[in-house]
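Chemist: The structure follows.
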Amino acid sequence: MTSQPEHHSPVPRRVVLGSALGGAAAAALPTTAHAETQAAPAAGRPWKLCDTMTTDGAWSKFLRGQDLRWSRLPTLWYEGPFLGDGLLGSMIYQEPGANQIRFTVQHGRVQDHRPEFGSGWGTCRLPVGHLTLEPVGTITAVDWRLSLWNAELTGTVTTSAGTLTLAAFIHDEVLAARVTATGGERVVWTFRPEEAVSPRKISEAPPAGYTANPPWTTQTSDDGAEQVLQPLTGGGQTATAYRRTADELLLSVGHSFPASSAAADSLRTLRRATSYDGLRRRHIRWWHDFYGKSFVSFPDQRLQSFHWIQLYKVASASRVGGPVMATSGPWLEPTPWPAVWWNLNVQLEYWLIHGFNHPELDSLASTLRQNQEQLIANVPAAYRADSSGVGRSSDMFANRSVGRPGTGAEVGDLTWALHNVWLSYRHSMDKSLLRDTVYPVLRRAINYYLHFLTPGSDGKLHLPSTLSPEYPVVPPQDTNYDLALIRWGCQTLIESAELLGVDDELKPRWQEVLAKLTPYPVDDNGFMIGADTPYAQSHRHYSHLLMVYPLYLVNWAQPESRDLIAKSVAHWHALTGAHRGYSYTGAASMYAMAGDGDTAIGYLRKFFDTGTRYPCRPNTHYTEAGPVIETPLSASQSLHDMFCQSWGGVVRVFPGVPTAWQDVTLHNFRTQGAFLVTAVRKAGETRFIRIRSLAGEPLKLRHGLEGRLTVLLDDGTPARTRDLGGGTLAIDLPRGREVLVHSGSRPDLVVAPVAVSEPGPAWGLP
């Protein structure tokens with residue numbers, strides 16, 4: 001629905017991705033042409049997977065090997081443990097300049113409400129405060145483990161006076177901690193409120209006319225809970241409530257607007273927790289149920305651990321119906337970016353949830369559905385009758401005006417965000433997402449563009465000047481970022497209308513745009529930024545390559561596009577100096593699309609190279625001028641793109657696995673079309689593929705198997721198949737049914753962790 005038709009034609013054995021710069025090494029993009037295959041017609045015997053990951057013991061053992069560990073005290077936020085439940089978040093590290101341990105207390109809903117001062121100050125995320133654990137003796141050692149399986153920090157703090165033994169987790173908007181003391185130690189907690197001012201103060205002064213929020217006040221409730229109340233100048237309130245009983249501490253945060261009901265809300269949340277043990281039981285049950293929805297294992301210990309930590313991270317940062325992730329997630333720290341960024345950050349944050357089979361983490365789709373009136377209000381008044389948009393950065397309600405084409409404004413961010421919602425639809429085939437969010441909002445977002453498209457003397461439609469996100473030169477017209485989004489949007493609207501049975505009066509206009517929209521500006525180095533604007537200086541964004549990734553409008557399945565893709569990606573990275581972590585994850589995914597797993601992993605490893613300027617940090621978080629959560633999460637999507645892809649209506653199993661990873665296990669990996677893929681690779685060969693259909697969509701499988709195939713439904717009867725050539729098989733798979741595909745004799749159908757062949761240290765400070 002988003003990409004061009006795939007051509008199932010023979011592909012060359014080797015294609016070279018060359019550099020436009022003399023002397024630069026060329027990167028090979030090998031592809032393998034699989035032998036034509038036929039499905040065996042004979043009936044097979046019934047089959048069943050042997051899933052070894054069905055018990056708590058198996059999961060506990062596996063995930064224990066992925067845990068973060070600390071043998072020395074973290075001193076910075078990007079070194080320490082982190083806890084969260086999609087709303088409340090805490091990071092744990094040394095209190096700066098003190099013999100204390102800080103537990104930050106931040107909440108995804110806590111923000112200012114003065115839009116006249118912009119997203120950096122007026123509607124920014126606001127800090128809440130932090131707890132300090134204050135030992136009697138001098139801290140001499142720590143031994144901590146962040147358990148992924150239990151989503152819980154446990155361990156000890158050794159001091160010159162004795163030992164503190166601690167455990168902490170967050171569940172249902174309550175931070176729960178249990179600390180016991182031995183020797184001469186004692187347990188002392190202090191809650192320290194923080195000034196309710198934009199974290200952007202580290203980089204600039206407040207705007208003219210800005211007045212500070214009032215100071216906080218304190219009170220004690222009737223049942224003995226302590227409260228800190230923070231009124232806000234723009235209306236509303238933030239309240240923190242906490243109670244200590246013996247060795248246990250429970251804390252909650254409430255935020256309300258425009259009412260001042262947060263004080264009552266925080267107490268209600270605290271009382272709902274009832275007890276530490278009861279809350280912990282509910283917490284453990286939620287996480288244990290969560291992990292069992294999918295499984296992946298591969299032989300690089302360091303990256304495998306990283307991958308599972310990202311799943312823990314995104315589940316700690318986002319839940320459906322909650323606030324869309326800001327750049328820091330729920331873990332607010334000093335930053336020039338205390339808001340939601342719509343021109344790349346928010347899109348990269350959510351891609352990994354699909355393959356991991358966790359649609360319940362999608363707060364982006366729910367945010368756009370819930371704030372459609374605000375998206376309308378964001379465009380100039382003259383266009384609100386039929387258009388919507390969002391500016392570069394906003395609060396969790398998408399409150400930020402968008403500029404006009406012709407002024408060099410950044411216009412396409414809402415359309416790109418809607419591509420994420422469309423991916424949520426494609427991975428679930430839930431028509432309510434298409435009907436209630438994708439179609440109506442995308443229709444308005446594309447309408448905004450249509451007001452400004454004008455015919456040129458060449459008979460083509462052209463777009464006046466718009467900004468390619470963060471590139472310093474504004475093209476005079478036809479910015480590739482927007483041209484790609486317009487093409488994707490019009491294609492998607494036409495197909496969505498057909499799926500929904502809508503006879504839309506705008507369909508002829510969308511068809512006209514697709515027929516007459518000017519081609520992407522290109523030069524000898526590949527895709528340009530826009531008309532008369534080459535890619536001429538190093539740039540971290542791949543906004544000018546959006547048609548390649550993630551839209552796949554121009555893709556490797558089109559032989560005529562390969563040279564253009566190859567030289568565009570090579571030239572993007574040939575100009576060095578401005579690349580950041582997501583520059584490497586983006587390139588890794590593009591090479592994975594081309595089937596070149598070895599080059600893909602080479603780029604991905606640059607993100608983990610501590611010799612680079614902006615590497616992945618010890619706790620797997622990432623920072624530039626401030627925390628930016630999207631880059632590590634996008635690295636997990638790069639791994640997904642190596643393991644399984646499903647763009648263009650074809651499910652591709654192990655399309656870009658690095659040669660060194662001879663063994664890989666995928667289980668219940670969710671793809672477009674709402675398929676759950678299980679596949680096992682051993683000794684560099686795919687042993688079997690099992691696919692379950694959740695929606696009854698047409699299945700086209702690029703299987704990677706050699707020789708005569710066996711294709712059996714779950715009752716052992718042969719599936720109806722059609723060989724599409726090029727190693728692709730069409731399989732009739734009704735909703736709720738499963739199919740097994742393998743070649744040769746039936747292999748052992750075992751789902752299990754693979755052996756580690758590339759050992760590595762734990763994340764954290766082990």
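In the structure tokens, the first chain shown is A, the next is B, and so on; residue numbers restart at 1 for each chain, and ligands run from 1 in the order shown.
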Quick one: residues within 12 Å of Leu633 of chain A, only C-alpha atoms counted, chain neighbours fewer than 2 positions away excluded, as a ChimeraX atom specification?

Modeler: /A:306-315,317,325,327-329,345-353,356,581-582,585-586,607,616,620-622,628-631,635-640

Chemist: Which residues are close to Arg444 of chain A, i.e. within 7 Å by only C-alpha atoms, leaving aside same-chain residues fewer than 5 positions away? Reply as a list in words.

Modeler: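 My list of contacting residues is Asp386, Ser387 and Ser388 of chain A.
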
Chemist: Between A:Thr671, A:Thr721, A:Gln645, A:Thr182, single out the one closest to Pro359 of chain A, counting only C-alpha atoms.

Modeler: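 Checking each candidate against Pro359 of chain A, we get A:Thr671 as the closest.
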
Chemist: Under the rule of at most 12 Å, produce a per-residue listing of segment 418-450 of chain A near segment 403-407 of chain A: chain, number, name, the closest pair of atoms, and the distance in Å, as a Markdown table, using only C-alpha atoms.

Modeler:
```
| residue | atom | partner | partner_atom | distance |
| --- | --- | --- | --- | --- |
| A:Tyr448 | CA | A:Arg404 | CA | 8.8 |
| A:Tyr449 | CA | A:Pro405 | CA | 7.7 |
| A:Leu450 | CA | A:Pro405 | CA | 10.3 |
```

Chemist: If you keep all heavy atoms, can you produce a file of those selected residues as a PDB file, in the first residue's frame?

Modeler:
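Result file again.pdb:
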```
ATOM      1  N   TYR A 448      -3.484  19.829   2.935  1.00  0.00           N
ATOM      2  CA  TYR A 448      -2.683  21.027   3.184  1.00  0.00           C
ATOM      3  C   TYR A 448      -1.647  21.210   2.077  1.00  0.00           C
ATOM      4  O   TYR A 448      -1.449  22.321   1.565  1.00  0.00           O
ATOM      5  CB  TYR A 448      -2.012  20.927   4.554  1.00  0.00           C
ATOM      6  CG  TYR A 448      -1.381  22.237   5.013  1.00  0.00           C
ATOM      7  CD1 TYR A 448      -2.096  23.427   4.974  1.00  0.00           C
ATOM      8  CD2 TYR A 448      -0.069  22.267   5.482  1.00  0.00           C
ATOM      9  CE1 TYR A 448      -1.521  24.627   5.398  1.00  0.00           C
ATOM     10  CE2 TYR A 448       0.513  23.462   5.901  1.00  0.00           C
ATOM     11  CZ  TYR A 448      -0.220  24.632   5.850  1.00  0.00           C
ATOM     12  OH  TYR A 448       0.350  25.818   6.253  1.00  0.00           O
ATOM     13  N   TYR A 449      -1.005  20.132   1.687  1.00  0.00           N
ATOM     14  CA  TYR A 449      -0.079  20.190   0.552  1.00  0.00           C
ATOM     15  C   TYR A 449      -0.789  20.611  -0.745  1.00  0.00           C
ATOM     16  O   TYR A 449      -0.255  21.401  -1.540  1.00  0.00           O
ATOM     17  CB  TYR A 449       0.552  18.821   0.315  1.00  0.00           C
ATOM     18  CG  TYR A 449       1.732  18.466   1.176  1.00  0.00           C
ATOM     19  CD1 TYR A 449       1.718  17.315   1.961  1.00  0.00           C
ATOM     20  CD2 TYR A 449       2.885  19.242   1.176  1.00  0.00           C
ATOM     21  CE1 TYR A 449       2.815  16.949   2.724  1.00  0.00           C
ATOM     22  CE2 TYR A 449       3.985  18.890   1.930  1.00  0.00           C
ATOM     23  CZ  TYR A 449       3.949  17.745   2.708  1.00  0.00           C
ATOM     24  OH  TYR A 449       5.041  17.384   3.454  1.00  0.00           O
ATOM     25  N   LEU A 450      -1.994  20.065  -0.966  1.00  0.00           N
ATOM     26  CA  LEU A 450      -2.669  20.289  -2.245  1.00  0.00           C
ATOM     27  C   LEU A 450      -2.971  21.761  -2.484  1.00  0.00           C
ATOM     28  O   LEU A 450      -3.053  22.208  -3.640  1.00  0.00           O
ATOM     29  CB  LEU A 450      -3.964  19.475  -2.305  1.00  0.00           C
ATOM     30  CG  LEU A 450      -3.820  17.944  -2.225  1.00  0.00           C
ATOM     31  CD1 LEU A 450      -5.169  17.268  -2.410  1.00  0.00           C
ATOM     32  CD2 LEU A 450      -2.811  17.433  -3.245  1.00  0.00           C
TER      33      LEU A 450
END
```

Chemist: Residues within 8 Å of segment 649-663 of chain A, please, as a PyMOL selection string. Count only C-alpha atoms; anything in the same chain fewer than 5 positions from it doesn't count.

Modeler: chain A and resi 1+298-300+591-598+600-601+641-644+671-673+679-686+699-704+754-755

Chemist: Out of A:Ser589, A:Ala246, A:Leu332, A:Ala339, which residue has the shortest atom-to-atom distance to Met91 of chain A when counting only C-alpha atoms?

Modeler: A:Leu332

Chemist: Could you give me, as a PyMOL selection string, the residues within 10 Å of Leu423 of chain A, counting only C-alpha atoms and dropping anything in the same chain fewer than 2 positions from it?

Modeler: chain A and resi 2+350-351+354+365+418-421+425-429+438+647+671-673

Chemist: Residues of segment 54-221 of chain A in alpha helix (DSSP H) according to DSSP, as a list in words?

Modeler: Asp56, Gly57, Ala58, Trp59, Ser60, Lys61, Phe62, Leu63 and Arg64 of chain A

Chemist: Identify, with DSSP run on backbone atoms, the residues in segment 332-445 of chain A assigned to strand (DSSP E), and express the list as a ChimeraX atom specification.

Modeler: /A:340-341,393-394

Chemist: Selection from above, N, CA and C atoms, as a compact mmCIF listing (two decimals), in the first residue's frame, can you write it?

Modeler:
```txt
# COMPACT_ATOMS: atom_id res chain seq x y z
N VAL A 340 8.00 16.91 22.57
CA VAL A 340 7.85 15.88 21.55
C VAL A 340 8.38 16.45 20.24
N TRP A 341 9.28 15.74 19.60
CA TRP A 341 9.84 16.19 18.31
C TRP A 341 9.29 15.33 17.19
N SER A 393 8.00 20.65 16.94
CA SER A 393 7.98 20.14 18.32
C SER A 393 6.72 20.63 19.01
N SER A 394 6.25 19.86 19.97
CA SER A 394 4.99 20.19 20.64
C SER A 394 4.96 19.54 22.00
```

Chemist: Write out as a PyMOL selection string the residues lying within 8 Å of Asp172 of chain A, counting only C-alpha atoms and excluding same-chain residues fewer than 5 positions away.

Modeler: chain A and resi 85+269+273

Chemist: Store the residues of this selection in a file with all heavy atoms, as a compact mmCIF listing (two decimals), in the first residue's frame.

Modeler:
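As a result, again_37.txt now contains:
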```txt
# COMPACT_ATOMS: atom_id res chain seq x y z
N ASP A 85 6.76 2.95 33.94
CA ASP A 85 5.54 2.21 33.60
C ASP A 85 4.75 2.90 32.49
O ASP A 85 3.55 2.72 32.37
CB ASP A 85 4.65 2.04 34.84
CG ASP A 85 4.09 3.35 35.36
OD1 ASP A 85 4.51 4.43 34.88
OD2 ASP A 85 3.21 3.31 36.25
N THR A 269 -4.03 7.46 43.90
CA THR A 269 -3.12 6.48 43.31
C THR A 269 -2.29 5.80 44.39
O THR A 269 -2.09 4.57 44.35
CB THR A 269 -2.18 7.18 42.32
OG1 THR A 269 -2.96 7.80 41.30
CG2 THR A 269 -1.22 6.19 41.68
N ALA A 273 -2.40 1.51 45.75
CA ALA A 273 -1.29 0.54 45.81
C ALA A 273 -1.42 -0.39 47.00
O ALA A 273 -0.89 -1.51 46.98
CB ALA A 273 0.03 1.29 45.87
```

Chemist: With only C-alpha atoms as the basis for distance, which of A:Asp277, A:Glu185, A:Glu204, A:Asp413 is at the shortest distance from Trp121 of chain A?

Modeler: A:Glu204

Chemist: Do a neighbour search on Ala497 of chain A at 10 Å with only C-alpha atoms, toss out local chain neighbours closer than 6 positions, and write the hits as a ChimeraX atom specification.

Modeler: /A:434-435,439,503-504,507

Chemist: Once you have the residues from the selection above, write them out as an mmCIF file, in the first residue's frame, restricted to N, CA and C atoms.

Modeler:
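Final output, saved to again_8.cif:
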```cif
data_model
loop_
_atom_site.group_PDB
_atom_site.id
_atom_site.type_symbol
_atom_site.label_atom_id
_atom_site.label_comp_id
_atom_site.auth_asym_id
_atom_site.auth_seq_id
_atom_site.Cartn_x
_atom_site.Cartn_y
_atom_site.Cartn_z
ATOM 1 N N LEU A 434 -7.519 2.491 10.636
ATOM 2 C CA LEU A 434 -7.580 3.082 9.300
ATOM 3 C C LEU A 434 -8.737 4.076 9.215
ATOM 4 N N ARG A 435 -9.876 3.666 9.723
ATOM 5 C CA ARG A 435 -11.100 4.474 9.599
ATOM 6 C C ARG A 435 -11.068 5.720 10.483
ATOM 7 N N TYR A 439 -7.068 7.472 7.875
ATOM 8 C CA TYR A 439 -7.762 8.059 6.732
ATOM 9 C C TYR A 439 -8.181 9.512 6.967
ATOM 10 N N ASP A 503 -16.347 6.370 -1.335
ATOM 11 C CA ASP A 503 -16.271 6.993 -2.656
ATOM 12 C C ASP A 503 -15.881 8.452 -2.439
ATOM 13 N N ASP A 504 -14.599 8.706 -2.335
ATOM 14 C CA ASP A 504 -14.118 10.028 -1.936
ATOM 15 C C ASP A 504 -14.025 10.950 -3.147
ATOM 16 N N LYS A 507 -10.557 11.588 -4.771
ATOM 17 C CA LYS A 507 -9.775 10.535 -5.420
ATOM 18 C C LYS A 507 -9.202 10.977 -6.764
#
```

Chemist: Per residue of segment 270-376 of chain A within 10 Å of segment 53-75 of chain A, note the shortest atom pair and the distance in Å to one decimal, counting only C-alpha atoms, and order the rows by chain and increasing residue number, as a Markdown table.

Modeler:
```
| residue | atom | partner | partner_atom | distance |
| --- | --- | --- | --- | --- |
| A:His288 | CA | A:Asp56 | CA | 7.6 |
| A:Asp289 | CA | A:Asp56 | CA | 9.8 |
| A:Tyr291 | CA | A:Trp59 | CA | 8.3 |
| A:Gly292 | CA | A:Thr54 | CA | 7.5 |
| A:Ser294 | CA | A:Met53 | CA | 9.6 |
| A:Phe295 | CA | A:Met53 | CA | 8.1 |
| A:Ser297 | CA | A:Phe62 | CA | 9.5 |
| A:Gln301 | CA | A:Gln66 | CA | 8.0 |
| A:Arg302 | CA | A:Gln66 | CA | 8.3 |
| A:Leu303 | CA | A:Gln66 | CA | 9.5 |
| A:Gln304 | CA | A:Gln66 | CA | 7.3 |
| A:Ser305 | CA | A:Gln66 | CA | 4.3 |
| A:Phe306 | CA | A:Gln66 | CA | 7.5 |
| A:His307 | CA | A:Gln66 | CA | 8.9 |
| A:Trp308 | CA | A:Gln66 | CA | 6.9 |
| A:Ile309 | CA | A:Gln66 | CA | 7.4 |
```

Chemist: Okay, now the selection with all heavy atoms, as a CSV table (one decimal), in the first residue's frame?

Modeler:
```csv
chain,number,residue,atom,x,y,z
A,288,HIS,N,5.7,-10.4,33.3
A,288,HIS,CA,5.9,-11.8,32.9
A,288,HIS,C,4.9,-12.1,31.7
A,288,HIS,O,5.3,-12.8,30.8
A,288,HIS,CB,5.6,-12.8,34.1
A,288,HIS,CG,6.7,-12.7,35.1
A,288,HIS,ND1,6.8,-13.6,36.1
A,288,HIS,CD2,7.8,-11.9,35.2
A,288,HIS,CE1,7.9,-13.3,36.9
A,288,HIS,NE2,8.5,-12.3,36.3
A,289,ASP,N,3.7,-11.6,31.8
A,289,ASP,CA,2.8,-11.8,30.7
A,289,ASP,C,3.3,-11.1,29.5
A,289,ASP,O,3.1,-11.6,28.3
A,289,ASP,CB,1.4,-11.3,31.1
A,289,ASP,CG,0.7,-12.2,32.1
A,289,ASP,OD1,1.1,-13.3,32.3
A,289,ASP,OD2,-0.3,-11.7,32.7
A,291,TYR,N,6.4,-10.3,28.4
A,291,TYR,CA,7.5,-10.9,27.6
A,291,TYR,C,7.1,-12.1,26.8
A,291,TYR,O,7.7,-12.3,25.7
A,291,TYR,CB,8.6,-11.3,28.6
A,291,TYR,CG,9.5,-10.1,29.1
A,291,TYR,CD1,9.5,-9.8,30.4
A,291,TYR,CD2,10.2,-9.3,28.2
A,291,TYR,CE1,10.3,-8.7,30.9
A,291,TYR,CE2,10.9,-8.2,28.6
A,291,TYR,CZ,11.0,-7.9,30.0
A,291,TYR,OH,11.7,-6.8,30.4
A,292,GLY,N,6.2,-12.8,27.2
A,292,GLY,CA,5.8,-14.1,26.4
A,292,GLY,C,5.2,-13.9,25.1
A,292,GLY,O,5.0,-14.9,24.4
A,294,SER,N,6.5,-12.6,22.3
A,294,SER,CA,7.5,-12.9,21.2
A,294,SER,C,8.8,-13.2,21.8
A,294,SER,O,9.1,-13.1,23.0
A,294,SER,CB,7.6,-11.6,20.3
A,294,SER,OG,8.2,-10.6,21.0
A,295,PHE,N,9.7,-13.7,20.9
A,295,PHE,CA,11.0,-14.1,21.3
A,295,PHE,C,12.0,-14.0,20.2
A,295,PHE,O,11.7,-14.3,19.0
A,295,PHE,CB,11.0,-15.6,21.8
A,295,PHE,CG,12.3,-16.1,22.3
A,295,PHE,CD1,12.9,-15.6,23.5
A,295,PHE,CD2,13.1,-17.0,21.5
A,295,PHE,CE1,14.1,-16.0,23.9
A,295,PHE,CE2,14.3,-17.4,22.0
A,295,PHE,CZ,14.8,-16.9,23.2
A,297,SER,N,16.4,-14.5,19.5
A,297,SER,CA,17.7,-14.8,20.1
A,297,SER,C,18.7,-14.9,18.9
A,297,SER,O,18.4,-15.5,17.9
A,297,SER,CB,17.7,-16.2,20.8
A,297,SER,OG,19.0,-16.5,21.3
A,301,GLN,N,26.2,-11.6,22.1
A,301,GLN,CA,25.7,-11.4,23.5
A,301,GLN,C,25.4,-9.9,23.8
A,301,GLN,O,24.4,-9.6,24.4
A,301,GLN,CB,26.7,-11.9,24.5
A,301,GLN,CG,26.2,-11.7,26.0
A,301,GLN,CD,24.9,-12.3,26.3
A,301,GLN,OE1,24.6,-13.5,26.0
A,301,GLN,NE2,24.0,-11.5,26.8
A,302,ARG,N,26.4,-9.0,23.4
A,302,ARG,CA,26.2,-7.6,23.7
A,302,ARG,C,25.0,-7.0,23.0
A,302,ARG,O,24.2,-6.3,23.6
A,302,ARG,CB,27.5,-6.9,23.3
A,302,ARG,CG,27.5,-5.4,23.6
A,302,ARG,CD,28.0,-5.1,25.0
A,302,ARG,NE,28.3,-3.7,25.2
A,302,ARG,CZ,28.4,-3.1,26.3
A,302,ARG,NH1,28.1,-3.7,27.4
A,302,ARG,NH2,28.8,-1.8,26.4
A,303,LEU,N,24.8,-7.3,21.7
A,303,LEU,CA,23.7,-6.8,21.0
A,303,LEU,C,22.4,-7.5,21.4
A,303,LEU,O,21.3,-6.8,21.4
A,303,LEU,CB,24.0,-6.9,19.5
A,303,LEU,CG,24.9,-5.9,18.9
A,303,LEU,CD1,25.1,-6.1,17.4
A,303,LEU,CD2,24.5,-4.5,19.2
A,304,GLN,N,22.4,-8.8,21.6
A,304,GLN,CA,21.2,-9.5,22.1
A,304,GLN,C,20.7,-8.8,23.4
A,304,GLN,O,19.5,-8.6,23.5
A,304,GLN,CB,21.5,-10.9,22.3
A,304,GLN,CG,20.3,-11.7,22.8
A,304,GLN,CD,20.5,-13.2,22.9
A,304,GLN,OE1,20.1,-14.0,22.1
A,304,GLN,NE2,21.2,-13.6,23.9
A,305,SER,N,21.6,-8.6,24.3
A,305,SER,CA,21.2,-8.0,25.6
A,305,SER,C,20.6,-6.6,25.3
A,305,SER,O,19.6,-6.2,25.8
A,305,SER,CB,22.4,-7.9,26.5
A,305,SER,OG,22.1,-7.2,27.7
A,306,PHE,N,21.3,-5.8,24.5
A,306,PHE,CA,20.9,-4.5,24.1
A,306,PHE,C,19.5,-4.5,23.6
A,306,PHE,O,18.6,-3.7,23.9
A,306,PHE,CB,21.8,-3.9,23.1
A,306,PHE,CG,21.3,-2.6,22.4
A,306,PHE,CD1,21.5,-1.4,23.0
A,306,PHE,CD2,20.6,-2.7,21.2
A,306,PHE,CE1,21.0,-0.2,22.4
A,306,PHE,CE2,20.1,-1.5,20.6
A,306,PHE,CZ,20.3,-0.3,21.3
A,307,HIS,N,19.2,-5.5,22.7
A,307,HIS,CA,17.9,-5.6,22.0
A,307,HIS,C,16.8,-5.8,23.0
A,307,HIS,O,15.7,-5.2,23.0
A,307,HIS,CB,18.0,-6.7,21.0
A,307,HIS,CG,16.8,-6.8,20.0
A,307,HIS,ND1,16.4,-5.7,19.3
A,307,HIS,CD2,16.0,-7.8,19.6
A,307,HIS,CE1,15.4,-6.0,18.5
A,307,HIS,NE2,15.2,-7.3,18.7
A,308,TRP,N,17.0,-6.7,24.0
A,308,TRP,CA,16.0,-7.0,25.0
A,308,TRP,C,15.8,-5.8,26.0
A,308,TRP,O,14.7,-5.5,26.4
A,308,TRP,CB,16.3,-8.2,25.7
A,308,TRP,CG,15.9,-9.4,24.9
A,308,TRP,CD1,16.7,-10.2,24.1
A,308,TRP,CD2,14.6,-10.0,24.8
A,308,TRP,NE1,16.0,-11.2,23.5
A,308,TRP,CE2,14.7,-11.1,23.9
A,308,TRP,CE3,13.4,-9.7,25.3
A,308,TRP,CZ2,13.6,-11.9,23.5
A,308,TRP,CZ3,12.3,-10.4,24.9
A,308,TRP,CH2,12.4,-11.5,24.1
A,309,ILE,N,16.9,-5.1,26.2
A,309,ILE,CA,16.8,-3.9,27.1
A,309,ILE,C,16.0,-2.8,26.4
A,309,ILE,O,15.2,-2.1,27.0
A,309,ILE,CB,18.2,-3.3,27.4
A,309,ILE,CG1,19.0,-4.3,28.3
A,309,ILE,CG2,18.1,-2.0,28.1
A,309,ILE,CD1,20.5,-4.0,28.4
```

Chemist: Would you compute the distance between atom CA of Ala161 of chain A and atom CA of Gly137 of chain A? Give it in Å to one decimal.

Modeler: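 Separating atom CA of Ala161 of chain A from atom CA of Gly137 of chain A is a distance of 4.6 Å.
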
Chemist: Could you check which of A:Leu709, A:Leu517, A:Leu232, A:Tyr242 is closest to Gln219 of chain A, using only C-alpha atoms?

Modeler: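 Of A:Leu709, A:Leu517, A:Leu232, A:Tyr242, the one nearest Gln219 of chain A is A:Tyr242, counting only C-alpha atoms.
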
Chemist: With only C-alpha atoms as the atoms that count, which of A:Leu83, A:Leu493, A:Leu545, A:Ile101 lies nearest to Leu133 of chain A?

Modeler: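 Of all the options, A:Ile101 lies closest to Leu133 of chain A.
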